$ cat input37.txt   # compact mmCIF, C-alpha atoms
# COMPACT_ATOMS: atom_id res chain seq x y z
CA MET A 1 15.36 10.58 -82.21
CA GLY A 2 12.92 12.75 -80.28
CA GLU A 3 12.52 16.51 -80.39
CA GLY A 4 14.58 18.60 -77.98
CA LYS A 5 17.28 15.98 -77.39
CA THR A 6 20.90 17.02 -76.98
CA ILE A 7 23.30 15.57 -79.53
CA GLU A 8 26.48 14.01 -78.13
CA ILE A 9 29.43 13.25 -80.37
CA TRP A 10 31.10 9.95 -79.46
CA TRP A 11 34.18 8.36 -81.04
CA GLN A 12 34.82 4.60 -81.07
CA ASP A 13 37.70 2.28 -81.90
CA GLU A 14 39.34 -0.91 -80.73
CA ALA A 15 42.95 -1.70 -79.85
CA ARG A 16 44.72 -5.02 -79.68
CA LEU A 17 46.55 -5.49 -76.39
CA GLY A 18 48.82 -8.39 -75.69
CA GLN A 19 52.17 -9.93 -75.28
CA ARG A 20 53.65 -8.32 -78.40
CA ASN A 21 53.52 -4.66 -77.43
CA GLY A 22 55.25 -1.97 -79.43
CA ARG A 23 58.24 -0.03 -78.24
CA VAL A 24 57.96 3.51 -76.93
CA ARG A 25 60.34 6.41 -76.51
CA LEU A 26 62.21 6.55 -73.23
CA TRP A 27 64.40 9.22 -71.71
CA ALA A 28 68.02 8.08 -71.46
CA ARG A 29 71.46 9.52 -71.09
CA ARG A 30 72.99 10.55 -74.42
CA GLY A 31 74.95 7.72 -75.97
CA THR A 32 73.06 4.98 -74.14
CA ARG A 33 70.30 2.68 -75.27
CA PRO A 34 67.69 1.99 -72.61
CA ARG A 35 66.47 -1.57 -72.42
CA GLN A 36 62.82 -2.35 -72.95
CA PRO A 37 61.30 -5.74 -72.28
CA ALA A 38 59.99 -7.53 -75.35
CA ASP A 39 57.85 -10.62 -75.53
CA GLN A 40 57.68 -12.99 -78.49
CA ARG A 41 54.44 -14.70 -77.50
CA TYR A 42 51.14 -13.91 -79.24
CA LYS A 43 48.26 -13.97 -76.75
CA ASN A 44 46.09 -10.89 -77.04
CA ALA A 45 42.71 -9.37 -76.36
CA TYR A 46 40.89 -6.31 -77.63
CA LEU A 47 40.00 -3.16 -75.77
CA LEU A 48 36.93 -1.59 -77.34
CA GLY A 49 36.66 2.03 -76.31
CA ALA A 50 34.49 5.04 -76.96
CA VAL A 51 34.64 8.60 -75.66
CA CYS A 52 32.46 11.69 -75.62
CA PRO A 53 35.09 14.44 -75.25
CA ALA A 54 32.56 17.23 -74.73
CA ARG A 55 31.32 15.51 -71.55
CA GLY A 56 34.65 13.86 -70.67
CA VAL A 57 33.08 10.40 -70.42
CA GLY A 58 33.97 7.06 -71.90
CA ALA A 59 32.95 3.43 -72.12
CA GLY A 60 35.26 0.47 -72.56
CA LEU A 61 35.14 -3.32 -72.74
CA MET A 62 37.87 -5.95 -72.89
CA MET A 63 36.95 -8.75 -75.29
CA PRO A 64 38.78 -11.84 -76.57
CA LYS A 65 38.08 -10.91 -80.21
CA ALA A 66 37.05 -7.89 -82.23
CA ASP A 67 33.95 -9.22 -83.95
CA THR A 68 30.21 -8.63 -84.28
CA TYR A 69 29.47 -10.10 -80.84
CA ALA A 70 32.05 -7.79 -79.20
CA MET A 71 30.77 -4.78 -81.13
CA GLN A 72 27.18 -5.47 -80.08
CA ALA A 73 28.23 -5.66 -76.42
CA HIS A 74 30.19 -2.42 -76.85
CA LEU A 75 27.25 -0.58 -78.46
CA ASP A 76 25.06 -1.69 -75.57
CA GLU A 77 27.68 -0.43 -73.10
CA ILE A 78 28.02 2.94 -74.86
CA SER A 79 24.24 3.30 -74.83
CA LEU A 80 24.28 3.12 -71.03
CA HIS A 81 26.69 6.08 -70.84
CA VAL A 82 24.81 8.45 -73.15
CA ALA A 83 23.27 11.24 -71.06
CA ASN A 84 19.57 11.16 -70.30
CA ASN A 85 17.55 13.08 -72.90
CA ALA A 86 20.50 12.88 -75.31
CA HIS A 87 21.23 11.06 -78.56
CA ALA A 88 24.74 9.87 -79.44
CA VAL A 89 26.27 10.23 -82.86
CA LEU A 90 28.94 7.52 -82.85
CA LEU A 91 31.79 8.01 -85.31
CA MET A 92 33.95 4.99 -86.14
CA ASP A 93 35.95 3.33 -88.87
CA ARG A 94 34.63 0.86 -91.41
CA ALA A 95 35.74 -2.43 -89.85
CA GLY A 96 33.57 -5.35 -90.96
CA TRP A 97 32.03 -5.80 -87.51
CA HIS A 98 31.00 -2.10 -87.54
CA THR A 99 29.13 -2.32 -90.83
CA THR A 100 27.33 -5.65 -90.53
CA GLU A 101 23.55 -5.65 -90.63
CA LYS A 102 23.61 -8.13 -87.72
CA LEU A 103 24.17 -5.26 -85.25
CA LYS A 104 21.15 -4.00 -83.35
CA VAL A 105 22.01 -0.36 -82.80
CA PRO A 106 20.42 1.02 -79.61
CA ASP A 107 17.74 3.68 -80.09
CA ASN A 108 19.89 6.41 -78.51
CA ILE A 109 22.80 5.91 -80.95
CA THR A 110 23.28 6.76 -84.62
CA ILE A 111 26.42 5.42 -86.31
CA ILE A 112 28.38 7.53 -88.76
CA LEU A 113 31.25 5.80 -90.54
CA LEU A 114 34.47 7.71 -91.09
CA PRO A 115 36.20 7.64 -94.50
CA SER A 116 38.35 4.60 -95.22
CA ARG A 117 42.06 4.79 -94.42
CA ALA A 118 41.73 7.95 -92.31
CA PRO A 119 42.67 7.02 -88.72
CA GLU A 120 43.85 10.58 -88.12
CA LEU A 121 40.20 11.65 -88.01
CA ASN A 122 39.47 9.48 -84.96
CA PRO A 123 40.79 10.88 -81.65
CA VAL A 124 40.52 7.46 -80.01
CA GLU A 125 43.71 6.60 -81.94
CA ASN A 126 45.44 9.31 -79.89
CA ILE A 127 43.88 7.95 -76.71
CA TRP A 128 45.30 4.48 -77.47
CA GLN A 129 48.73 6.04 -77.87
CA TYR A 130 48.37 7.88 -74.55
CA MET A 131 47.30 4.69 -72.78
CA ARG A 132 50.17 2.69 -74.27
CA ASP A 133 52.72 5.39 -73.45
CA ASN A 134 51.54 5.79 -69.86
CA TRP A 135 50.11 2.47 -68.69
CA LEU A 136 50.65 -0.40 -71.12
CA SER A 137 54.09 -0.23 -72.69
CA THR A 138 57.34 -1.79 -71.45
CA ARG A 139 55.44 -4.62 -69.80
CA VAL A 140 55.56 -8.35 -70.21
CA PHE A 141 52.27 -10.08 -69.54
CA GLU A 142 52.74 -13.56 -68.12
CA THR A 143 49.16 -14.73 -68.60
CA TYR A 144 46.07 -13.92 -70.61
CA GLU A 145 44.42 -12.72 -67.39
CA ASP A 146 47.29 -10.23 -66.94
CA ILE A 147 46.48 -8.80 -70.37
CA LEU A 148 42.80 -8.45 -69.44
CA ASP A 149 43.64 -6.90 -66.06
CA ALA A 150 46.04 -4.37 -67.60
CA GLY A 151 43.53 -3.36 -70.30
CA CYS A 152 40.73 -2.95 -67.76
CA ALA A 153 42.98 -0.98 -65.39
CA ALA A 154 44.11 1.37 -68.19
CA SER A 155 40.54 1.89 -69.38
CA ASN A 156 39.36 2.60 -65.83
CA LYS A 157 42.21 5.09 -65.26
CA LEU A 158 41.26 6.93 -68.43
CA ILE A 159 37.54 7.01 -67.62
CA ALA A 160 38.36 8.32 -64.13
CA ASN A 161 40.10 11.33 -65.75
CA PRO A 162 37.51 13.33 -67.72
CA GLU A 163 40.00 16.16 -68.32
CA THR A 164 42.31 13.74 -70.15
CA ILE A 165 39.47 12.46 -72.33
CA THR A 166 38.52 16.03 -73.23
CA SER A 167 42.06 17.28 -73.85
CA ILE A 168 43.02 14.36 -76.10
CA GLY A 169 39.65 13.74 -77.72
CA MET A 170 38.21 17.17 -78.46
CA ARG A 171 38.20 18.24 -82.09
CA LYS A 172 36.97 21.80 -82.68
CA TRP A 173 35.73 20.95 -86.15
CA ALA A 174 33.50 18.23 -84.69
CA ASN A 175 32.11 20.18 -81.74
CA ILE A 176 31.44 23.66 -83.12
CA SER A 177 27.92 23.92 -81.70
CA GLN A 178 28.53 22.10 -78.40
$ encode --input "input37.txt" --output "structure tokens"
Amino acid sequence: MGEGKTIEIWWQDEARLGQRNGRVRLWARRGTRPRQPADQRYKNAYLLGAVCPARGVGAGLMMPKADTYAMQAHLDEISLHVANNAHAVLLMDRAGWHTTEKLKVPDNITIILLPSRAPELNPVENIWQYMRDNWLSTRVFETYEDILDAGCAASNKLIANPETITSIGMRKWANISQ
């Protein structure tokens, strides 16, 4: 990392999207039970996402699997979104594909692994919940392509709303000097 570069704090995680989506809360008249569609099929894909809440920017990729190949493609994508003359500190969990020595981390990124079993430290978990609550729940996906399209559309909606990324993703304790 060169002298005089700005440090950006980025958060990364992946979410499985598919035909077996979880249920969400719905408003309903007291004493009634609203119906929610449920699918028993198992096709799925993974949305790999990263955000820099201080800048309100993000990077996302839909991939068929969460593995080393997908993580390498995601690191390369994140690298493209780091500001010029900046260096990204990328915080993420300790999934096997995050810790493998097979990854070639771009020069403008440094990875910091979060403690094990501490998803509450990663604001991308809250972003997944927001995306599911607003754009992905109560849907039945007929085809694999529908899953990919829905994940891409949700990611694009989020990235188009920098205020949402900042409001959900900002953690004062992680951005004291920014």
$ residues_around --input "input37.txt" --residues "Tyr130 in chain A" --least-positions-apart "3" --cutoff "12 Å" --atoms "all atoms listed in the file" --output "VMD selection string"
chain A and resid 24 123 to 127 133 to 137 154 to 155 157 to 158 164 to 165 167 to 169
$ atom_distance --input "input37.txt" --atom1 "CA of Leu17 in chain A" --atom2 "CA of Cys52 in chain A"
22.2 Å
$ residues_around --input "input37.txt" --residues "Asp67 in chain A" --least-positions-apart "6" --cutoff "9 Å" --atoms "all atoms listed in the file" --output "number ranges by chain"
A: 96-98
$ residues_around --input "input37.txt" --residues "Leu75 in chain A" --least-positions-apart "5" --cutoff "9 Å" --atoms "all atoms listed in the file" --output "ChimeraX atom specification"
/A:70,80,103-106,109
$ residues_around --input "input37.txt" --residues "Ile111 in chain A" --least-positions-apart "5" --cutoff "8 Å" --atoms "all atoms listed in the file" --output "list in words"
Val89, Leu90, Leu91 and Met92 of chain A
$ write_last_selection --input "input37.txt" --atoms "C-alpha atoms" --output "PDB file, in the frame of the given file"
ATOM      1  CA  VAL A  89      26.270  10.230 -82.860  1.00  0.00           C
ATOM      2  CA  LEU A  90      28.940   7.520 -82.850  1.00  0.00           C
ATOM      3  CA  LEU A  91      31.790   8.010 -85.310  1.00  0.00           C
ATOM      4  CA  MET A  92      33.950   4.990 -86.140  1.00  0.00           C
TER       5      MET A  92
END
